[in-house]
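Chemist: Contents are compact mmCIF, C-alpha atoms; file name coords13.txt:
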# COMPACT_ATOMS: atom_id res chain seq x y z
CA MET Y 14 0.00 0.00 0.00
CA ILE Y 15 2.79 2.45 0.90
CA ALA Y 16 4.59 1.62 -2.37
CA ALA Y 17 1.39 2.34 -4.32
CA ILE Y 18 1.01 5.71 -2.61
CA ILE Y 19 4.62 6.56 -3.46
CA ARG Y 20 4.07 5.61 -7.13
CA ASN Y 21 0.91 7.71 -7.33
CA GLY Y 22 2.74 10.66 -5.82
CA PHE Y 23 5.52 10.52 -8.41
CA ARG Y 24 2.99 10.09 -11.24
CA ALA Y 25 1.14 13.21 -10.08
CA LEU Y 26 4.40 15.12 -9.86
CA ARG Y 27 5.38 14.04 -13.36
CA ARG Y 28 2.05 15.22 -14.75
CA ASP Y 29 2.31 18.60 -12.97
CA ARG Y 30 5.15 20.22 -14.89
CA GLY Y 31 5.01 23.34 -12.76
CA ALA Y 32 5.60 21.44 -9.56
CA LEU Y 33 8.29 19.35 -11.24
CA ILE Y 34 10.21 22.47 -12.31
CA LEU Y 35 9.93 24.07 -8.88
CA SER Y 36 11.06 20.86 -7.19
CA PHE Y 37 14.17 20.13 -9.24
CA ILE Y 38 15.12 22.75 -11.83
CA LEU Y 39 14.75 25.85 -9.64
CA PRO Y 40 17.12 24.63 -6.87
CA ILE Y 41 19.71 23.62 -9.48
CA ALA Y 42 19.39 26.98 -11.22
CA PHE Y 43 19.94 28.91 -8.01
CA PHE Y 44 22.80 26.68 -6.94
CA SER Y 45 24.46 27.33 -10.31
CA ILE Y 46 23.96 31.10 -10.13
CA PHE Y 47 25.41 31.52 -6.66
CA GLY Y 48 28.11 28.96 -7.45
CA VAL Y 49 29.23 31.16 -10.35
CA ILE Y 50 29.02 34.33 -8.22
CA PHE Y 51 31.02 33.03 -5.27
CA GLY Y 52 33.00 30.30 -7.00
CA GLY Y 53 34.20 32.80 -9.60
CA MET Y 54 35.87 34.77 -6.85
CA GLY Y 55 38.36 31.95 -6.39
CA GLY Y 56 38.31 32.39 -2.62
CA SER Y 57 39.62 35.95 -2.91
CA THR Y 58 38.17 39.44 -3.04
CA PRO Y 59 37.19 40.60 -6.55
CA ARG Y 60 39.40 43.25 -8.12
CA VAL Y 61 38.46 46.73 -6.98
CA SER Y 62 38.63 49.69 -9.34
CA VAL Y 63 40.59 52.62 -7.95
CA LEU Y 64 41.80 55.87 -9.52
CA VAL Y 65 45.30 57.03 -8.59
CA VAL Y 66 46.47 60.65 -8.65
CA ASP Y 67 50.13 61.50 -7.95
CA GLU Y 68 50.42 65.15 -6.96
CA ASP Y 69 53.82 64.63 -5.31
CA ARG Y 70 55.78 63.37 -8.34
CA SER Y 71 58.63 62.23 -6.11
CA THR Y 72 60.68 59.08 -6.51
CA VAL Y 73 58.86 57.49 -3.57
CA SER Y 74 55.38 58.36 -4.87
CA GLU Y 75 56.19 57.13 -8.38
CA ARG Y 76 57.37 53.79 -6.99
CA LEU Y 77 54.18 53.50 -4.97
CA VAL Y 78 52.03 54.30 -8.02
CA ARG Y 79 53.84 51.68 -10.12
CA ALA Y 80 53.25 49.09 -7.41
CA LEU Y 81 49.56 49.99 -7.21
CA LEU Y 82 49.19 49.62 -10.98
CA GLN Y 83 50.83 46.18 -10.81
CA GLU Y 84 48.83 44.97 -7.81
CA PRO Y 85 46.65 42.04 -9.00
CA SER Y 86 43.91 42.73 -6.44
CA LEU Y 87 43.32 46.24 -7.81
CA ASP Y 88 42.15 47.57 -11.14
CA ALA Y 89 44.14 50.78 -10.70
CA SER Y 90 44.35 53.52 -13.33
CA THR Y 91 45.93 56.96 -13.51
CA HIS Y 92 43.86 58.18 -16.47
CA PRO Y 93 40.50 57.36 -18.10
CA LYS Y 94 40.45 54.36 -20.40
CA ALA Y 95 41.19 55.33 -24.01
CA LYS Y 96 38.52 54.60 -26.60
CA LYS Y 97 39.49 52.53 -29.60
CA GLY Y 98 41.44 54.58 -32.13
CA GLU Y 99 41.78 57.60 -29.83
CA PRO Y 100 44.89 58.83 -27.95
CA VAL Y 101 45.34 58.12 -24.26
CA PRO Y 102 43.45 60.77 -22.22
CA PRO Y 103 45.38 62.99 -19.79
CA GLU Y 104 45.93 61.77 -16.26
CA TYR Y 105 43.37 62.33 -13.54
CA THR Y 106 43.61 65.40 -11.36
CA ALA Y 107 42.34 65.38 -7.78
CA ALA Y 108 39.18 67.23 -8.86
CA GLY Y 109 38.69 64.93 -11.85
CA ALA Y 110 39.08 61.81 -9.73
CA GLU Y 111 36.59 63.11 -7.17
CA THR Y 112 34.07 63.84 -9.93
CA ALA Y 113 34.57 60.35 -11.37
CA VAL Y 114 33.88 58.75 -7.98
CA LYS Y 115 30.77 60.90 -7.51
CA GLN Y 116 29.47 59.80 -10.93
CA GLY Y 117 30.07 56.13 -10.17
CA ASP Y 118 32.92 55.58 -12.66
CA ALA Y 119 34.97 54.05 -9.84
CA PRO Y 120 34.20 53.30 -6.18
CA ALA Y 121 37.41 54.85 -4.81
CA ALA Y 122 40.34 57.13 -5.60
CA LEU Y 123 43.75 57.60 -3.98
CA ILE Y 124 45.24 61.11 -4.00
CA ILE Y 125 48.98 61.19 -3.15
CA PRO Y 126 49.55 64.80 -1.98
CA LYS Y 127 52.63 66.97 -2.33
CA GLY Y 128 55.15 66.29 0.40
CA PHE Y 129 54.34 62.58 0.62
CA GLY Y 130 57.81 61.56 -0.58
CA ALA Y 131 59.48 63.44 2.28
CA HIS Y 132 57.41 61.76 5.01
CA PRO Y 133 55.69 58.69 3.51
CA ILE Y 134 55.40 56.29 6.46
CA ALA Y 135 55.82 56.01 10.21
CA LEU Y 136 56.21 53.09 12.59
CA GLY Y 137 54.88 54.62 15.79
CA PRO Y 138 51.43 55.83 16.80
CA SER Y 139 50.04 58.88 15.02
CA ASN Y 140 50.54 61.15 18.05
CA ALA Y 141 54.15 60.05 18.70
CA PRO Y 142 56.92 62.72 18.53
CA GLY Y 143 58.44 62.96 15.08
CA ASN Y 144 55.56 61.11 13.44
CA ASP Y 145 54.91 63.67 10.69
CA ARG Y 146 53.90 61.36 7.83
CA THR Y 147 51.81 62.94 5.08
CA PRO Y 148 48.42 61.21 4.72
CA ILE Y 149 47.11 59.92 1.40
CA ARG Y 150 43.54 60.98 0.67
CA LEU Y 151 41.15 58.10 0.03
CA LEU Y 152 37.96 59.28 -1.66
CA HIS Y 153 35.19 56.72 -1.81
CA ASP Y 154 31.53 56.19 -2.60
CA SER Y 155 29.81 54.55 0.35
CA SER Y 156 27.20 52.93 -1.91
CA ASP Y 157 30.02 50.37 -2.32
CA PRO Y 158 31.00 49.92 1.34
CA VAL Y 159 33.60 47.23 0.64
CA ALA Y 160 35.83 49.11 -1.82
CA ALA Y 161 37.32 51.64 0.61
CA GLN Y 162 38.27 48.96 3.13
CA VAL Y 163 39.87 46.78 0.45
CA VAL Y 164 41.80 49.68 -1.08
CA GLY Y 165 43.00 50.89 2.32
CA GLY Y 166 44.27 47.45 3.30
CA ILE Y 167 45.97 46.78 -0.02
CA LEU Y 168 47.64 50.22 0.10
CA GLN Y 169 49.39 49.24 3.34
CA LYS Y 170 50.58 46.00 1.78
CA VAL Y 171 51.85 47.75 -1.35
CA ALA Y 172 53.69 50.35 0.74
CA MET Y 173 55.52 47.57 2.58
CA THR Y 174 56.49 45.67 -0.57
CA SER Y 175 57.37 48.63 -2.81
CA LEU Y 176 59.14 50.89 -0.28
CA PRO Y 177 61.31 48.53 1.82
CA ASP Y 178 64.22 50.97 1.94
CA THR Y 179 61.97 53.78 3.14
CA MET Y 180 60.62 51.58 5.92
CA ALA Y 181 64.15 50.58 6.89
CA ARG Y 182 65.27 54.21 7.05
CA VAL Y 183 62.33 55.10 9.29
CA GLY Y 184 63.08 52.11 11.50
CA MET Y 185 66.73 53.13 11.71
CA ARG Y 186 65.69 56.64 12.78
CA TYR Y 187 63.54 55.24 15.57
CA PHE Y 188 66.36 52.93 16.65
CA GLU Y 189 68.87 55.78 16.62
CA GLN Y 190 66.61 57.91 18.80
CA ALA Y 191 66.15 55.07 21.27
CA SER Y 192 69.83 53.99 21.40
CA GLY Y 193 71.42 57.41 21.60
CA GLY Y 194 73.04 57.39 18.14
CA LEU Y 195 75.13 55.24 15.80
CA THR Y 196 78.86 55.24 15.17
CA PRO Y 197 80.10 56.39 11.73
CA GLN Y 198 81.03 52.80 10.84
CA GLN Y 199 77.57 51.52 11.77
CA ARG Y 200 75.89 54.29 9.80
CA ALA Y 201 78.03 53.59 6.70
CA ARG Y 202 77.25 49.88 6.86
CA ILE Y 203 73.52 50.57 7.20
CA GLU Y 204 73.51 53.08 4.33
CA SER Y 205 75.19 50.48 2.11
CA SER Y 206 72.52 47.92 2.98
CA LEU Y 207 69.76 50.45 2.37
CA SER Y 208 71.12 51.25 -1.09
CA MET Y 209 70.92 47.56 -1.98
CA LEU Y 210 67.39 47.38 -0.56
CA GLU Y 211 66.30 50.41 -2.55
CA ASN Y 212 67.27 48.74 -5.82
CA ALA Y 213 65.72 45.39 -4.93
CA PRO Y 214 62.52 44.40 -6.78
CA ALA Y 215 59.20 44.64 -4.97
CA GLN Y 216 58.08 41.39 -3.36
CA SER Y 217 54.67 39.86 -3.77
CA GLY Y 218 52.60 37.77 -1.44
CA PRO Y 219 50.38 38.40 1.58
CA GLN Y 220 51.58 40.94 4.10
CA ARG Y 221 50.26 42.10 7.43
CA ASP Y 222 48.31 45.38 7.34
CA ALA Y 223 50.17 47.47 9.90
CA GLY Y 224 48.92 50.93 8.94
CA PHE Y 225 52.29 52.41 8.00
CA VAL Y 226 50.75 54.87 5.52
CA ALA Y 227 48.39 57.49 6.94
CA LEU Y 228 44.97 57.70 5.27
CA ASP Y 229 42.52 60.58 5.16
CA VAL Y 230 39.26 58.84 4.21
CA ARG Y 231 36.33 60.86 2.88
CA ASP Y 232 32.98 59.83 1.45
CA VAL Y 233 32.43 62.08 -1.58
CA ALA Y 234 29.03 60.71 -2.65
CA GLY Y 235 27.03 60.05 0.50
CA GLU Y 236 28.59 62.31 3.13
CA LYS Y 237 25.55 64.64 3.27
CA LYS Y 238 22.89 61.98 2.91
CA GLN Y 239 20.76 60.31 5.53
CA ASN Y 240 20.21 56.62 4.91
CA SER Y 241 19.81 57.03 1.14
CA MET Y 242 20.94 53.44 0.54
CA ILE Y 243 17.34 52.64 1.40
CA ALA Y 244 16.59 53.60 -2.22
CA PHE Y 245 18.92 50.83 -3.38
CA TYR Y 246 17.09 48.19 -1.34
CA ALA Y 247 13.65 49.58 -2.19
CA ALA Y 248 14.43 49.40 -5.91
CA GLY Y 249 15.98 45.94 -5.73
CA ILE Y 250 13.23 44.34 -3.68
CA GLY Y 251 10.52 46.39 -5.36
CA VAL Y 252 11.39 45.31 -8.90
CA MET Y 253 11.51 41.65 -7.86
CA PHE Y 254 8.01 41.78 -6.43
CA LEU Y 255 6.74 43.88 -9.35
CA LEU Y 256 7.77 41.08 -11.66
CA PHE Y 257 5.68 38.63 -9.63
CA THR Y 258 2.74 41.06 -9.63
CA ALA Y 259 2.96 41.58 -13.40
CA SER Y 260 3.13 37.83 -13.91
CA ALA Y 261 -0.01 37.34 -11.83
CA ALA Y 262 -1.82 40.16 -13.64
CA GLY Y 263 -0.89 38.72 -17.02
CA GLY Y 264 -2.07 35.32 -15.88
CA SER Y 265 -5.65 36.59 -15.96
CA LEU Y 266 -5.47 36.04 -19.73
CA LEU Y 267 -4.95 32.34 -19.15
CA ASP Y 268 -7.85 32.23 -16.67
CA GLU Y 269 -10.12 33.91 -19.23
CA ALA Y 270 -8.95 31.55 -21.98
CA GLU Y 271 -9.62 28.46 -19.82
CA SER Y 272 -13.07 29.69 -18.77
CA GLY Y 273 -14.14 30.75 -22.26
CA ALA Y 274 -14.44 34.41 -21.28
CA LEU Y 275 -11.65 35.37 -23.68
CA ASP Y 276 -13.65 34.17 -26.68
CA ARG Y 277 -16.63 36.29 -25.64
CA ILE Y 278 -14.40 39.35 -25.15
CA LEU Y 279 -12.80 38.97 -28.59
CA SER Y 280 -16.19 38.47 -30.22
CA ALA Y 281 -17.39 41.79 -28.77
CA ARG Y 282 -15.29 43.84 -31.23
CA VAL Y 283 -12.31 44.03 -28.88
CA SER Y 284 -9.08 43.29 -30.73
CA MET Y 285 -6.32 41.25 -29.14
CA THR Y 286 -3.98 44.25 -29.41
CA THR Y 287 -6.44 46.39 -27.48
CA LEU Y 288 -6.96 43.69 -24.87
CA LEU Y 289 -3.23 43.18 -24.34
CA ALA Y 290 -2.62 46.94 -24.18
CA GLY Y 291 -5.39 47.38 -21.63
CA LYS Y 292 -4.14 44.59 -19.42
CA MET Y 293 -0.58 45.88 -19.69
CA ALA Y 294 -1.73 49.40 -18.76
CA TYR Y 295 -3.52 48.00 -15.70
CA SER Y 296 -0.44 46.03 -14.71
CA ALA Y 297 1.82 49.08 -15.17
CA LEU Y 298 -0.47 51.27 -13.04
CA LEU Y 299 -0.57 48.60 -10.33
CA ALA Y 300 3.23 48.31 -10.41
CA SER Y 301 3.59 52.11 -10.17
CA ALA Y 302 1.28 52.18 -7.16
CA GLN Y 303 3.29 49.43 -5.45
CA LEU Y 304 6.62 51.18 -6.02
CA THR Y 305 5.19 54.51 -4.89
CA LEU Y 306 3.87 52.96 -1.69
CA MET Y 307 7.22 51.30 -1.02
CA PHE Y 308 9.17 54.54 -1.45
CA LEU Y 309 6.62 56.50 0.61
CA TRP Y 310 7.11 53.96 3.38
CA GLY Y 311 10.86 54.42 3.03
CA ALA Y 312 10.43 58.19 3.34
CA ALA Y 313 8.19 57.93 6.40
CA VAL Y 314 10.06 55.22 8.32
CA PHE Y 315 13.65 55.26 7.03
CA HIS Y 316 13.96 58.99 6.19
CA LEU Y 317 14.45 58.45 2.46
CA ASP Y 318 14.75 61.84 0.77
CA LEU Y 319 11.93 61.17 -1.70
CA PHE Y 320 10.23 64.51 -2.25
CA THR Y 321 13.35 66.38 -3.40
CA HIS Y 322 13.90 63.66 -6.03
CA LEU Y 323 10.32 63.38 -7.32
CA PRO Y 324 11.02 64.07 -11.04
CA GLY Y 325 13.66 61.36 -11.27
CA PHE Y 326 11.55 58.98 -9.18
CA ILE Y 327 8.53 59.47 -11.47
CA VAL Y 328 10.58 58.86 -14.62
CA MET Y 329 12.24 55.71 -13.28
CA THR Y 330 8.99 54.35 -11.82
CA ALA Y 331 7.12 54.85 -15.09
CA ALA Y 332 9.87 53.17 -17.15
CA THR Y 333 10.27 50.28 -14.72
CA SER Y 334 6.53 49.67 -14.43
CA PHE Y 335 6.12 49.66 -18.21
CA ALA Y 336 8.93 47.13 -18.63
CA VAL Y 337 7.70 44.68 -15.98
CA ALA Y 338 4.11 44.95 -17.26
CA SER Y 339 5.16 43.95 -20.78
CA PHE Y 340 7.18 41.12 -19.26
CA GLY Y 341 4.02 39.85 -17.55
CA MET Y 342 2.14 39.90 -20.85
CA LEU Y 343 4.90 37.91 -22.51
CA LEU Y 344 4.86 35.24 -19.80
CA ALA Y 345 1.11 34.86 -20.17
CA SER Y 346 1.17 34.66 -23.96
CA VAL Y 347 3.89 32.00 -24.17
CA SER Y 348 2.35 29.79 -21.46
CA HIS Y 349 -0.44 27.34 -22.17
CA THR Y 350 -1.75 26.80 -18.64
CA ARG Y 351 -1.75 28.78 -15.43
CA ALA Y 352 0.37 26.12 -13.70
CA GLN Y 353 2.93 26.29 -16.50
CA GLN Y 354 3.03 30.07 -16.29
CA GLY Y 355 3.51 29.96 -12.53
CA ALA Y 356 6.49 27.62 -12.76
CA ILE Y 357 8.14 29.48 -15.63
CA SER Y 358 7.65 32.90 -14.04
CA THR Y 359 9.02 31.77 -10.68
CA LEU Y 360 12.14 30.32 -12.29
CA ILE Y 361 12.80 33.35 -14.53
CA ILE Y 362 11.98 36.04 -11.97
CA LEU Y 363 14.09 34.58 -9.18
CA THR Y 364 16.97 34.04 -11.62
CA MET Y 365 16.73 37.63 -12.88
CA SER Y 366 16.61 38.92 -9.31
CA ALA Y 367 19.65 36.88 -8.30
CA ILE Y 368 21.91 38.06 -11.11
CA GLY Y 369 20.36 41.51 -11.42
CA GLY Y 370 21.24 42.71 -7.93
CA SER Y 371 17.94 42.36 -6.07
CA MET Y 372 19.29 39.60 -3.81
CA PHE Y 373 23.03 40.30 -3.83
CA PRO Y 374 24.74 43.59 -4.81
CA ARG Y 375 26.17 43.44 -8.31
CA PHE Y 376 29.31 45.36 -7.36
CA LEU Y 377 30.36 42.39 -5.20
CA MET Y 378 29.96 39.92 -8.07
CA PRO Y 379 32.71 38.89 -10.49
CA GLU Y 380 33.00 41.18 -13.50
CA ALA Y 381 31.51 38.60 -15.87
CA MET Y 382 28.42 38.21 -13.67
CA GLN Y 383 28.02 41.99 -13.48
CA LYS Y 384 27.82 42.08 -17.28
CA VAL Y 385 25.34 39.20 -17.35
CA GLY Y 386 23.21 41.12 -14.83
CA LEU Y 387 22.70 43.86 -17.42
CA LEU Y 388 20.37 41.46 -19.24
CA THR Y 389 17.79 41.95 -16.46
CA PHE Y 390 15.32 44.72 -15.61
CA ASN Y 391 16.54 44.62 -12.02
CA ALA Y 392 20.03 45.86 -12.83
CA TRP Y 393 18.88 48.80 -14.96
CA ALA Y 394 16.20 49.84 -12.49
CA ILE Y 395 18.59 49.72 -9.52
CA ASP Y 396 21.20 51.71 -11.46
CA GLY Y 397 18.61 54.33 -12.34
CA TYR Y 398 17.29 54.74 -8.80
CA THR Y 399 20.88 54.92 -7.53
CA LYS Y 400 21.54 57.80 -9.93
CA VAL Y 401 18.46 59.61 -8.66
CA PHE Y 402 18.71 59.14 -4.91
CA TRP Y 403 22.41 58.58 -4.30
CA ARG Y 404 24.27 60.54 -6.95
CA ASP Y 405 21.72 63.36 -7.37
CA GLU Y 406 22.14 63.20 -11.13
CA PRO Y 407 19.76 65.12 -13.43
CA ILE Y 408 16.99 63.41 -15.35
CA LEU Y 409 18.95 63.53 -18.61
CA HIS Y 410 21.53 61.18 -17.09
CA LEU Y 411 18.79 58.56 -16.75
CA ALA Y 412 18.59 58.23 -20.53
CA PRO Y 413 20.48 54.88 -20.76
CA GLN Y 414 18.36 53.21 -18.06
CA VAL Y 415 15.07 54.60 -19.36
CA ALA Y 416 15.94 53.71 -22.96
CA VAL Y 417 16.72 50.09 -22.07
CA LEU Y 418 13.62 49.64 -19.90
CA VAL Y 419 11.20 51.27 -22.34
CA GLY Y 420 12.83 49.73 -25.41
CA SER Y 421 12.77 46.23 -23.95
CA GLY Y 422 9.18 46.78 -22.84
CA ILE Y 423 8.13 47.63 -26.40
CA VAL Y 424 9.96 44.61 -27.82
CA LEU Y 425 8.46 42.23 -25.26
CA PHE Y 426 4.96 43.57 -25.93
CA LEU Y 427 5.36 42.98 -29.68
CA ILE Y 428 6.58 39.44 -29.01
CA ALA Y 429 3.65 38.85 -26.64
CA ARG Y 430 1.25 40.10 -29.32
CA ARG Y 431 2.76 37.63 -31.77
CA PHE Y 432 2.29 34.66 -29.42
CA ALA Y 433 -1.24 35.80 -28.51
CA ARG Y 434 -2.40 35.17 -32.09
CA ARG Y 435 -3.16 31.58 -31.11
CA TRP Y 436 -6.20 32.79 -29.14
CA GLU Y 437 -7.56 34.64 -32.17
CA TYR Y 438 -7.53 31.48 -34.29
CA ALA Y 439 -8.54 29.02 -31.59
Output the structure of this file as structure tokens.

Modeler:
Amino acid sequence: MIAAIIRNGFRALRRDRGALILSFILPIAFFSIFGVIFGGMGGSTPRVSVLVVDEDRSTVSERLVRALLQEPSLDASTHPKAKKGEPVPPEYTAAGAETAVKQGDAPAALIIPKGFGAHPIALGPSNAPGNDRTPIRLLHDSSDPVAAQVVGGILQKVAMTSLPDTMARVGMRYFEQASGGLTPQQRARIESSLSMLENAPAQSGPQRDAGFVALDVRDVAGEKKQNSMIAFYAAGIGVMFLLFTASAAGGSLLDEAESGALDRILSARVSMTTLLAGKMAYSALLASAQLTLMFLWGAAVFHLDLFTHLPGFIVMTAATSFAVASFGMLLASVSHTRAQQGAISTLIILTMSAIGGSMFPRFLMPEAMQKVGLLTFNAWAIDGYTKVFWRDEPILHLAPQVAVLVGSGIVLFLIARRFARRWEYA
């Protein structure tokens, strides 16, 4: 009897394709996605982009810059990337690097100030006598909270490996102060050793972060904001649930087709194009209302600065709602049953949300996964809302995000209309 019950259960599961997909394919899909995200890191931190500006132009600062450019954990650059066929752009200035960080071109920038070469490092505490090291300015965008910590730690390592002679000279100065002075013979022997150390190649490998280089850390994008990262989470979570809502709204077509109501609607001089457009408009309005409510809640509870960013919010909400509504129509038109649509939509929506940044920030993913994420609505919507609420960019700067969302929405609607022809000839 128990064996018969087991057989019947597996037969029912095999007949229900939706349940079968959710039971086996969805877990494998998610395992694969997160395996690529975390497995692609190779057990190490992904490379962090950092802009480097050398205002000192001393021998010490140039050696440090060369070491930063060669550091495998960093994607360091001293000038913007040259476009194909064009000459190499001029090097960043401090103001140019700060602007680039504010605009999101890089999460961090290191500014080596004048005078750094004279006093680059120190071995004692910052308030110790004679500790007059010149701090390097670290400008960062706190929407990527990991970058500044990674860059700061790697800078200490690079300073140790690229400036061994400088560290030895500082250590000798501390020793001389503590011991009461060196004899001429001792000093000559040490200077000879330091000359050899200065010409030695930089060593690679893990080093202990001892904080030899002073850092002046400043947030250039979010320093005057109050909890504006709430917009990032509202957009990420909001788009994921909008996709589910649009899928459910589009599924009403399948309910009407199964009940026979769709035939009566089409026979009442309502074209399929009009019907799809009406349902998509309803879905888009519902999605807009959901996003608006979510951001209003963020403004009331989490102090999101919504009302000073209303124009950008309206533009992004309209474009995002239009895109997800057309996506819902496509899911309904390509599915043959409501159960099939439910399984397909769950698999696709959760996958899009995983790689698009709704579940895990894209800036922490490997570079290849970040590019794959651009195939989803989630990534473009999150980028657009980040421009509005975090970077305070004007509406014109939303053109790439709006163009992708609206353009893909139009294409998906046309594809949905093509698949919906089967109901006209049924």

Chemist: Please list, as a PyMOL selection string, the residues that have an atom at most 12 Å away from (25.5, 64.7, -11.2) in the coordinates of this file, counting all atoms listed in the file.

Modeler: chain Y and resi 111-118+234+399-411

Chemist: Any idea what's packed within 8 Å of Leu425 of chain Y, counting only C-alpha atoms, ignoring anything in its chain fewer than 4 positions away? Could you give it as JSON, numbers by chain?

Modeler: {"Y": [339, 340, 343, 421, 429]}

Chemist: Save out the residues we just selected, C-alpha atoms, as a short mmCIF file (atom, residue, chain, number, x, y, z; two decimals), keeping the file's coordinate frame.

Modeler:
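See again-v2.cif below for the written result:
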data_model
loop_
_atom_site.label_atom_id
_atom_site.label_comp_id
_atom_site.auth_asym_id
_atom_site.auth_seq_id
_atom_site.Cartn_x
_atom_site.Cartn_y
_atom_site.Cartn_z
CA SER Y 339 5.16 43.95 -20.78
CA PHE Y 340 7.18 41.12 -19.26
CA LEU Y 343 4.90 37.91 -22.51
CA SER Y 421 12.77 46.23 -23.95
CA ALA Y 429 3.65 38.85 -26.64
#

Chemist: Quote the spacing between atom CA of Leu81 of chain Y and atom CA of Val233 of chain Y in Å to one decimal place.

Modeler: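 That distance, rounded to one decimal, is 21.7 Å.
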
Chemist: Here is a test: counting all atoms listed in the file, which residue of Y:Met285, Y:Val252, Y:Gly325, Y:Phe308 is nearest to Ala394 of chain Y?

Modeler: Y:Val252

Chemist: May I ask which of the residues Y:Ile149, Y:Ala356, Y:Leu344, Y:Ala262 is the closest one to Ser74 of chain Y, counting all atoms listed in the file?

Modeler: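 Going through Y:Ile149, Y:Ala356, Y:Leu344, Y:Ala262 one by one, the smallest distance to Ser74 of chain Y is for Y:Ile149.
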
Chemist: Calculate how many Å separate atom CA of Leu168 of chain Y from atom CA of Ala108 of chain Y, rounding to one decimal.

Modeler: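 Result for atom CA of Leu168 of chain Y versus atom CA of Ala108 of chain Y: 21.0 Å, one decimal.
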
Chemist: When you count all atoms listed in the file, which of these residues is closest to Phe254 of chain Y: Y:Lys292, Y:Leu267, Y:Pro158, Y:Asn391?

Modeler: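 Of the candidates, the smallest distance to Phe254 of chain Y is held by Y:Asn391.
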
Chemist: At what distance in Å, to one decimal, does atom CA of Lys96 of chain Y lie from atom CA of Ile167 of chain Y?

Modeler: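 For atom CA of Ile167 of chain Y relative to atom CA of Lys96 of chain Y, the distance reads 28.7 Å.
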
Chemist: For each of Y:Met342, Y:Val163, Y:Ala294, Y:Ala367, take the minimum atom-to-atom distance to Leu387 of chain Y, counting all atoms listed in the file, then give the residue where this is smallest.

Modeler: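 Answer, going by the shortest atom-to-atom distance: Y:Ala367.
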
Chemist: Env of Val230 of chain Y: 7 Å cut, atoms = only C-alpha atoms, seq-sep filter 4 positions within chain, self excluded. Answer as a PDB file with C-alpha atoms, in the coordinates of the input.

Modeler:
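Final output, selection-v5.pdb:
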ATOM      1  CA  ARG Y 150      43.540  60.980   0.670  1.00  0.00           C
ATOM      2  CA  LEU Y 151      41.150  58.100   0.030  1.00  0.00           C
ATOM      3  CA  LEU Y 152      37.960  59.280  -1.660  1.00  0.00           C
TER       4      LEU Y 152
END

Chemist: Can you pull out the residues contacting Leu304 of chain Y? Cut-off 12 Å, using only C-alpha atoms, and skip same-chain residues under 6 positions away; I want them as an NGL selection string.

Modeler: :Y and (244 or 246-256 or 258 or 297-298 or 310-311 or 326-327 or 329-334 or 337 or 394 or 398)

Chemist: Which residue, Y:Asp157, Y:Glu68, Y:Gln83, Y:Ala302, has the smallest gap to Arg375 of chain Y when you use only C-alpha atoms?

Modeler: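 Smallest separation from Arg375 of chain Y among the options: Y:Asp157.
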
Chemist: Measuring atom to atom with only C-alpha atoms, identify which of Y:Pro102, Y:Gly386, Y:Gly166, Y:Gly263 is nearest to Leu288 of chain Y.

Modeler: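 Ranking Y:Pro102, Y:Gly386, Y:Gly166, Y:Gly263 by distance to Leu288 of chain Y, first place goes to Y:Gly263.
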
Chemist: Compile the contact shell of Pro120 of chain Y as a ChimeraX atom specification: residues with an atom at most 8 Å away, counting only C-alpha atoms, same-chain residues fewer than 6 positions apart removed.

Modeler: /Y:61-63,114,153-155,157,160-161
